[in-house]
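Structure file coords.cif; described as mmCIF, C-alpha atoms and all ligand atoms; chains and numbers go by the auth columns.
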data_target
loop_
_atom_site.group_PDB
_atom_site.id
_atom_site.type_symbol
_atom_site.label_atom_id
_atom_site.label_comp_id
_atom_site.label_asym_id
_atom_site.label_seq_id
_atom_site.Cartn_x
_atom_site.Cartn_y
_atom_site.Cartn_z
_atom_site.B_iso_or_equiv
_atom_site.auth_seq_id
_atom_site.auth_asym_id
ATOM 1 C CA MET A 1 0.000 0.000 0.000 0.00 83 Q
ATOM 2 C CA GLU A 2 1.575 3.220 -1.172 0.00 84 Q
ATOM 3 C CA GLU A 3 0.499 6.544 0.302 0.00 85 Q
ATOM 4 C CA ARG A 4 1.636 10.044 -0.428 0.00 86 Q
ATOM 5 C CA PHE A 5 0.553 13.416 0.875 0.00 87 Q
ATOM 6 C CA VAL A 6 0.062 16.678 -0.954 0.00 88 Q
ATOM 7 C CA GLU A 7 -0.532 19.945 0.866 0.00 89 Q
ATOM 8 C CA THR A 8 -2.525 22.673 -0.845 0.00 90 Q
ATOM 9 C CA PHE A 9 -3.014 26.274 0.199 0.00 91 Q
ATOM 10 C CA SER A 10 -5.777 27.381 -2.188 0.00 92 Q
ATOM 11 C CA PRO A 11 -8.704 25.897 -4.146 0.00 93 Q
ATOM 12 C CA GLU A 12 -6.636 26.364 -7.319 0.00 94 Q
ATOM 13 C CA GLU A 13 -3.914 24.057 -5.997 0.00 95 Q
ATOM 14 C CA THR A 14 -6.457 21.376 -5.114 0.00 96 Q
ATOM 15 C CA PHE A 15 -7.954 21.748 -8.600 0.00 97 Q
ATOM 16 C CA GLU A 16 -4.467 21.333 -10.092 0.00 98 Q
ATOM 17 C CA LEU A 17 -3.838 18.128 -8.149 0.00 99 Q
ATOM 18 C CA GLY A 18 -7.174 16.796 -9.436 0.00 100 Q
ATOM 19 C CA ARG A 19 -6.237 17.811 -12.956 0.00 101 Q
ATOM 20 C CA LYS A 20 -2.887 16.075 -12.745 0.00 102 Q
ATOM 21 C CA LEU A 21 -4.464 12.855 -11.467 0.00 103 Q
ATOM 22 C CA GLY A 22 -7.127 13.129 -14.169 0.00 104 Q
ATOM 23 C CA GLU A 23 -4.442 13.420 -16.826 0.00 105 Q
ATOM 24 C CA GLU A 24 -2.652 10.358 -15.453 0.00 106 Q
ATOM 25 C CA ALA A 25 -5.763 8.240 -14.784 0.00 107 Q
ATOM 26 C CA ALA A 26 -5.869 4.983 -16.711 0.00 108 Q
ATOM 27 C CA PRO A 27 -9.196 3.945 -18.236 0.00 109 Q
ATOM 28 C CA GLY A 28 -10.814 1.452 -15.886 0.00 110 Q
ATOM 29 C CA SER A 29 -9.354 2.977 -12.737 0.00 111 Q
ATOM 30 C CA ILE A 30 -11.349 3.819 -9.634 0.00 112 Q
ATOM 31 C CA TYR A 31 -10.826 6.670 -7.187 0.00 113 Q
ATOM 32 C CA THR A 32 -12.628 7.157 -3.924 0.00 114 Q
ATOM 33 C CA LEU A 33 -12.970 10.592 -2.385 0.00 115 Q
ATOM 34 C CA VAL A 34 -13.389 11.096 1.333 0.00 116 Q
ATOM 35 C CA GLY A 35 -13.637 14.273 3.375 0.00 117 Q
ATOM 36 C CA ASP A 36 -16.005 16.447 5.381 0.00 118 Q
ATOM 37 C CA LEU A 37 -18.471 18.857 3.868 0.00 119 Q
ATOM 38 C CA GLY A 38 -16.765 21.938 2.449 0.00 120 Q
ATOM 39 C CA VAL A 39 -13.313 20.402 2.428 0.00 121 Q
ATOM 40 C CA GLY A 40 -12.906 20.613 -1.357 0.00 122 Q
ATOM 41 C CA LYS A 41 -14.243 17.373 -2.838 0.00 123 Q
ATOM 42 C CA THR A 42 -16.086 19.208 -5.593 0.00 124 Q
ATOM 43 C CA VAL A 43 -13.054 21.385 -6.346 0.00 125 Q
ATOM 44 C CA PHE A 44 -10.920 18.248 -6.653 0.00 126 Q
ATOM 45 C CA THR A 45 -13.541 16.523 -8.830 0.00 127 Q
ATOM 46 C CA GLN A 46 -13.703 19.523 -11.170 0.00 128 Q
ATOM 47 C CA GLY A 47 -9.930 19.348 -11.554 0.00 129 Q
ATOM 48 C CA MET A 48 -10.031 15.657 -12.296 0.00 130 Q
ATOM 49 C CA ALA A 49 -12.734 16.202 -14.925 0.00 131 Q
ATOM 50 C CA ALA A 50 -10.627 18.926 -16.532 0.00 132 Q
ATOM 51 C CA GLY A 51 -7.663 16.549 -16.603 0.00 133 Q
ATOM 52 C CA LEU A 52 -9.789 14.025 -18.483 0.00 134 Q
ATOM 53 C CA GLY A 53 -10.630 16.663 -21.073 0.00 135 Q
ATOM 54 C CA ILE A 54 -14.123 17.530 -19.872 0.00 136 Q
ATOM 55 C CA THR A 55 -15.096 21.160 -20.352 0.00 137 Q
ATOM 56 C CA GLU A 56 -18.762 21.080 -19.338 0.00 138 Q
ATOM 57 C CA PRO A 57 -19.523 22.155 -15.749 0.00 139 Q
ATOM 58 C CA VAL A 58 -19.157 19.482 -13.062 0.00 140 Q
ATOM 59 C CA ASN A 59 -21.018 19.854 -9.788 0.00 141 Q
ATOM 60 C CA SER A 60 -21.964 17.765 -6.787 0.00 142 Q
ATOM 61 C CA PRO A 61 -24.525 15.178 -7.962 0.00 143 Q
ATOM 62 C CA THR A 62 -26.193 15.279 -4.556 0.00 144 Q
ATOM 63 C CA PHE A 63 -29.612 14.094 -5.688 0.00 145 Q
ATOM 64 C CA THR A 64 -28.433 11.667 -8.332 0.00 146 Q
ATOM 65 C CA ILE A 65 -26.050 8.940 -7.310 0.00 147 Q
ATOM 66 C CA LEU A 66 -24.338 8.923 -10.680 0.00 148 Q
ATOM 67 C CA GLN A 67 -23.430 11.579 -13.189 0.00 149 Q
ATOM 68 C CA VAL A 68 -21.805 10.469 -16.456 0.00 150 Q
ATOM 69 C CA TYR A 69 -19.567 12.725 -18.563 0.00 151 Q
ATOM 70 C CA ASP A 70 -18.808 11.422 -22.048 0.00 152 Q
ATOM 71 C CA GLU A 71 -16.922 14.372 -23.386 0.00 153 Q
ATOM 72 C CA GLY A 72 -13.384 13.557 -22.264 0.00 154 Q
ATOM 73 C CA ARG A 73 -10.776 11.100 -23.482 0.00 155 Q
ATOM 74 C CA CYS A 74 -12.714 8.320 -21.695 0.00 156 Q
ATOM 75 C CA PRO A 75 -16.025 8.258 -19.808 0.00 157 Q
ATOM 76 C CA PHE A 76 -16.003 9.871 -16.371 0.00 158 Q
ATOM 77 C CA TYR A 77 -18.375 8.327 -13.835 0.00 159 Q
ATOM 78 C CA HIS A 78 -18.930 10.612 -10.871 0.00 160 Q
ATOM 79 C CA PHE A 79 -20.712 8.871 -8.009 0.00 161 Q
ATOM 80 C CA ASP A 80 -21.934 10.525 -4.835 0.00 162 Q
ATOM 81 C CA VAL A 81 -23.396 7.802 -2.673 0.00 163 Q
ATOM 82 C CA TYR A 82 -24.029 10.019 0.363 0.00 164 Q
ATOM 83 C CA ARG A 83 -27.790 9.500 0.190 0.00 165 Q
ATOM 84 C CA ILE A 84 -27.754 5.840 -0.686 0.00 166 Q
ATOM 85 C CA GLY A 85 -30.102 3.732 1.431 0.00 167 Q
ATOM 86 C CA ASP A 86 -28.895 0.304 0.455 0.00 168 Q
ATOM 87 C CA VAL A 87 -26.097 -1.089 -1.724 0.00 169 Q
ATOM 88 C CA SER A 88 -28.763 -2.656 -3.965 0.00 170 Q
ATOM 89 C CA GLU A 89 -29.364 0.862 -5.322 0.00 171 Q
ATOM 90 C CA MET A 90 -25.937 0.547 -6.918 0.00 172 Q
ATOM 91 C CA ASP A 91 -27.126 -2.535 -8.815 0.00 173 Q
ATOM 92 C CA GLU A 92 -30.152 -0.586 -10.015 0.00 174 Q
ATOM 93 C CA ILE A 93 -27.979 2.082 -11.609 0.00 175 Q
ATOM 94 C CA GLY A 94 -25.726 -0.553 -13.179 0.00 176 Q
ATOM 95 C CA TYR A 95 -22.572 0.332 -11.307 0.00 177 Q
ATOM 96 C CA GLU A 96 -20.697 -2.740 -12.545 0.00 178 Q
ATOM 97 C CA ASP A 97 -20.613 -1.408 -16.090 0.00 179 Q
ATOM 98 C CA CYS A 98 -18.896 1.694 -14.670 0.00 180 Q
ATOM 99 C CA PHE A 99 -16.525 0.014 -12.196 0.00 181 Q
ATOM 100 C CA TYR A 100 -15.390 -2.602 -14.688 0.00 182 Q
ATOM 101 C CA GLY A 101 -15.618 -0.560 -17.878 0.00 183 Q
ATOM 102 C CA GLU A 102 -13.302 1.679 -19.855 0.00 184 Q
ATOM 103 C CA GLY A 103 -13.965 4.865 -17.933 0.00 185 Q
ATOM 104 C CA VAL A 104 -12.596 6.532 -14.823 0.00 186 Q
ATOM 105 C CA CYS A 105 -14.768 6.338 -11.681 0.00 187 Q
ATOM 106 C CA LEU A 106 -14.710 8.819 -8.835 0.00 188 Q
ATOM 107 C CA ILE A 107 -16.820 7.824 -5.833 0.00 189 Q
ATOM 108 C CA GLU A 108 -17.655 10.273 -3.059 0.00 190 Q
ATOM 109 C CA TRP A 109 -18.573 8.745 0.346 0.00 191 Q
ATOM 110 C CA ALA A 110 -17.316 5.381 -0.901 0.00 192 Q
ATOM 111 C CA ASN A 111 -17.128 4.115 2.693 0.00 193 Q
ATOM 112 C CA LEU A 112 -20.914 3.621 2.448 0.00 194 Q
ATOM 113 C CA ILE A 113 -20.502 1.035 -0.313 0.00 195 Q
ATOM 114 C CA GLU A 114 -17.296 -0.560 0.891 0.00 196 Q
ATOM 115 C CA GLU A 115 -18.538 -4.117 0.300 0.00 197 Q
ATOM 116 C CA ILE A 116 -18.750 -3.625 -3.456 0.00 198 Q
ATOM 117 C CA LEU A 117 -15.481 -1.741 -3.941 0.00 199 Q
ATOM 118 C CA PRO A 118 -12.991 -3.648 -6.067 0.00 200 Q
ATOM 119 C CA GLU A 119 -9.726 -4.953 -4.686 0.00 201 Q
ATOM 120 C CA HIS A 120 -7.640 -2.148 -6.140 0.00 202 Q
ATOM 121 C CA TYR A 121 -8.429 1.546 -6.190 0.00 203 Q
ATOM 122 C CA THR A 122 -6.941 4.872 -5.205 0.00 204 Q
ATOM 123 C CA GLN A 123 -8.279 6.513 -2.080 0.00 205 Q
ATOM 124 C CA ILE A 124 -8.151 10.298 -1.911 0.00 206 Q
ATOM 125 C CA THR A 125 -8.715 11.813 1.518 0.00 207 Q
ATOM 126 C CA ILE A 126 -8.904 15.569 2.006 0.00 208 Q
ATOM 127 C CA SER A 127 -8.689 17.127 5.439 0.00 209 Q
ATOM 128 C CA LYS A 128 -8.298 20.559 6.975 0.00 210 Q
ATOM 129 C CA ASP A 129 -5.928 21.714 9.660 0.00 211 Q
ATOM 130 C CA LEU A 130 -7.138 25.088 10.867 0.00 212 Q
ATOM 131 C CA GLU A 131 -3.870 25.711 12.707 0.00 213 Q
ATOM 132 C CA LYS A 132 -2.255 25.900 9.275 0.00 214 Q
ATOM 133 C CA GLY A 133 -4.792 28.369 7.916 0.00 215 Q
ATOM 134 C CA PHE A 134 -8.321 28.450 6.583 0.00 216 Q
ATOM 135 C CA ASP A 135 -7.322 27.473 3.046 0.00 217 Q
ATOM 136 C CA TYR A 136 -4.883 24.730 3.996 0.00 218 Q
ATOM 137 C CA ARG A 137 -5.726 21.171 2.939 0.00 219 Q
ATOM 138 C CA LYS A 138 -3.841 17.943 3.438 0.00 220 Q
ATOM 139 C CA ILE A 139 -4.607 15.456 0.678 0.00 221 Q
ATOM 140 C CA SER A 140 -3.684 11.812 0.986 0.00 222 Q
ATOM 141 C CA VAL A 141 -3.407 9.699 -2.156 0.00 223 Q
ATOM 142 C CA LYS A 142 -3.317 6.055 -1.221 0.00 224 Q
ATOM 143 C CA ARG A 143 -3.203 3.163 -3.665 0.00 225 Q
ATOM 144 C CA LYS A 144 -4.953 0.114 -2.353 0.00 226 Q
HETATM 145 P P1 LIG B . -17.120 19.655 -0.738 0.00 301 G
HETATM 146 O O1 LIG B . -17.490 19.221 -2.130 0.00 301 G
HETATM 147 O O2 LIG B . -16.093 18.782 -0.084 0.00 301 G
HETATM 148 O O3 LIG B . -18.315 19.844 0.150 0.00 301 G
HETATM 149 P P2 LIG B . -16.414 22.105 -2.062 0.00 301 G
HETATM 150 O O4 LIG B . -15.379 21.682 -3.059 0.00 301 G
HETATM 151 O O5 LIG B . -17.802 22.321 -2.588 0.00 301 G
HETATM 152 O O6 LIG B . -16.427 21.080 -0.839 0.00 301 G
HETATM 153 O O7 LIG B . -15.983 23.455 -1.335 0.00 301 G
HETATM 154 C C1 LIG B . -14.704 23.692 -0.825 0.00 301 G
HETATM 155 C C2 LIG B . -14.618 25.153 -0.386 0.00 301 G
HETATM 156 O O8 LIG B . -13.399 25.399 0.279 0.00 301 G
HETATM 157 C C3 LIG B . -14.682 26.099 -1.568 0.00 301 G
HETATM 158 O O9 LIG B . -15.427 27.223 -1.204 0.00 301 G
HETATM 159 C C4 LIG B . -13.221 26.449 -1.795 0.00 301 G
HETATM 160 O O10 LIG B . -13.061 27.735 -2.378 0.00 301 G
HETATM 161 C C5 LIG B . -12.698 26.437 -0.363 0.00 301 G
HETATM 162 N N1 LIG B . -11.256 26.169 -0.249 0.00 301 G
HETATM 163 C C6 LIG B . -10.379 26.924 0.443 0.00 301 G
HETATM 164 N N2 LIG B . -9.136 26.423 0.383 0.00 301 G
HETATM 165 C C7 LIG B . -9.219 25.298 -0.361 0.00 301 G
HETATM 166 C C8 LIG B . -8.244 24.330 -0.766 0.00 301 G
HETATM 167 N N3 LIG B . -6.942 24.401 -0.396 0.00 301 G
HETATM 168 N N4 LIG B . -8.680 23.303 -1.536 0.00 301 G
HETATM 169 C C9 LIG B . -9.976 23.211 -1.879 0.00 301 G
HETATM 170 N N5 LIG B . -10.945 24.084 -1.537 0.00 301 G
HETATM 171 C C10 LIG B . -10.573 25.131 -0.770 0.00 301 G
HETATM 172 MG MG MG B . -19.253 18.573 -3.032 0.00 302 G
#
Taking this structure as input, can you express it in the form of structure tokens?
Amino acid sequence: MEERFVETFSPEETFELGRKLGEEAAPGSIYTLVGDLGVGKTVFTQGMAAGLGITEPVNSPTFTILQVYDEGRCPFYHFDVYRIGDVSEMDEIGYEDCFYGEGVCLIEWANLIEEILPEHYTQITISKDLEKGFDYRKISVKRK
């Protein structure tokens, strides 16, 4: 298990990290995204989308579990499972075609669907440290 940490000091830097990972992401790879409300998950996701070549606006899909973007160099599947009641809802939206397809998946609140996560994925965790300033974020990138 390999883990590295990136510190950012502005939303732009978090966006840039997302963009870089989006540029590097291999089709078929899965990223999970963990962090409290307002920590920068959407900022990171927007960067990742940009790195995949998506120019349309990307927001939090709070009321839809899955948002699909087809515009980039491969499909981008953005999941937000915060409001999921039961893992069976993932079956209903056909998650397997996304997880095991040719696109890149990003799953917010993935801890709620841990039992269906594949063996290998990259876990992104964003956290604040107010002692280091309001705009400081520590971002862990851990390959599992
Ligand atoms: P989440 O999706 O996790 O709820 P958002 O991405 O919607 O959070 O919001 C993050 C907020 O924090 C934005 O208002 C953004 O401008 C601000 N912010 C301040 N510093 C940073 C940083 N270093 N990285 C990301 N966002 C930051
Ligand atoms: Mg968000």
Point (-16.5, 11.1, -3.7), cut-off 7 Å, counting only C-alpha atoms, residues as a compact mmCIF listing (two decimals) with C-alpha atoms, keeping the file's coordinate frame:
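Result written to selection.txt:
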# COMPACT_ATOMS: atom_id res chain seq x y z
CA THR Q 114 -12.63 7.16 -3.92
CA LEU Q 115 -12.97 10.59 -2.38
CA VAL Q 116 -13.39 11.10 1.33
CA LYS Q 123 -14.24 17.37 -2.84
CA PHE Q 161 -20.71 8.87 -8.01
CA ASP Q 162 -21.93 10.52 -4.84
CA LEU Q 188 -14.71 8.82 -8.84
CA ILE Q 189 -16.82 7.82 -5.83
CA GLU Q 190 -17.66 10.27 -3.06
CA TRP Q 191 -18.57 8.74 0.35
CA ALA Q 192 -17.32 5.38 -0.90
Return the single residue from Q:Ile195, Q:Arg155, Q:Ile208, Q:Arg101 that is closest to ligand MG 302 (chain G), with distances computed using all atoms listed in the file. Q:Ile208
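Between Gly117 (chain Q) and the residues Q:Gln205, Q:Arg225, Q:Phe216, Q:Gly133, the shortest atom-to-atom distance, using all atoms listed in the file, involves Q:Gln205.
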Please write the residues picked by the PyMOL selection byres (((not hetatm)) within 8 of (chain G and resi 301)) on this file as a PDB file with C-alpha atoms, in the frame of the given file.
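Saved to result_17.pdb:
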ATOM      1  CA  GLU Q  89      -0.532  19.945   0.866  1.00  0.00           C
ATOM      2  CA  THR Q  90      -2.525  22.673  -0.845  1.00  0.00           C
ATOM      3  CA  PHE Q  91      -3.014  26.274   0.199  1.00  0.00           C
ATOM      4  CA  SER Q  92      -5.777  27.381  -2.188  1.00  0.00           C
ATOM      5  CA  PRO Q  93      -8.704  25.897  -4.146  1.00  0.00           C
ATOM      6  CA  GLU Q  94      -6.636  26.364  -7.319  1.00  0.00           C
ATOM      7  CA  GLU Q  95      -3.914  24.057  -5.997  1.00  0.00           C
ATOM      8  CA  THR Q  96      -6.457  21.376  -5.114  1.00  0.00           C
ATOM      9  CA  PHE Q  97      -7.954  21.748  -8.600  1.00  0.00           C
ATOM     10  CA  GLY Q 117     -13.637  14.273   3.375  1.00  0.00           C
ATOM     11  CA  ASP Q 118     -16.005  16.447   5.381  1.00  0.00           C
ATOM     12  CA  LEU Q 119     -18.471  18.857   3.868  1.00  0.00           C
ATOM     13  CA  GLY Q 120     -16.765  21.938   2.449  1.00  0.00           C
ATOM     14  CA  VAL Q 121     -13.313  20.402   2.428  1.00  0.00           C
ATOM     15  CA  GLY Q 122     -12.906  20.613  -1.357  1.00  0.00           C
ATOM     16  CA  LYS Q 123     -14.243  17.373  -2.838  1.00  0.00           C
ATOM     17  CA  THR Q 124     -16.086  19.208  -5.593  1.00  0.00           C
ATOM     18  CA  VAL Q 125     -13.054  21.385  -6.346  1.00  0.00           C
ATOM     19  CA  PHE Q 126     -10.920  18.248  -6.653  1.00  0.00           C
ATOM     20  CA  THR Q 127     -13.541  16.523  -8.830  1.00  0.00           C
ATOM     21  CA  SER Q 142     -21.964  17.765  -6.787  1.00  0.00           C
ATOM     22  CA  PHE Q 216      -8.321  28.450   6.583  1.00  0.00           C
ATOM     23  CA  ASP Q 217      -7.322  27.473   3.046  1.00  0.00           C
ATOM     24  CA  TYR Q 218      -4.883  24.730   3.996  1.00  0.00           C
ATOM     25  CA  ARG Q 219      -5.726  21.171   2.939  1.00  0.00           C
TER      26      ARG Q 219
END
Using all atoms listed in the file, can you tell me which of Q:Tyr151, Q:Tyr113, Q:Thr146, Q:Ala107 comes closest to Thr207 (chain Q)? Q:Tyr113
Let me know the residues the PyMOL selection byres (((chain Q and resi 172) around 12) and not hetatm) catches in the file above, as an MDAnalysis selection string. chainID Q and resid 146:148 161:163 165:171 173:181 189 192 194:199
Distance of CA of Gly110 (chain Q) from CA of Val186 (chain Q), expressed in Å to one decimal place: 5.5 Å
Under the PyMOL selection byres (((chain Q and resi 135) around 10) and not hetatm), which residues of this model are included? Write them out as a PyMOL selection string. chain Q and resi 101+104-105+129-134+136-138+152-156+158
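Here CA of Pro139 (chain Q) stands at a distance of 21.0 Å from CA of Ile112 (chain Q).
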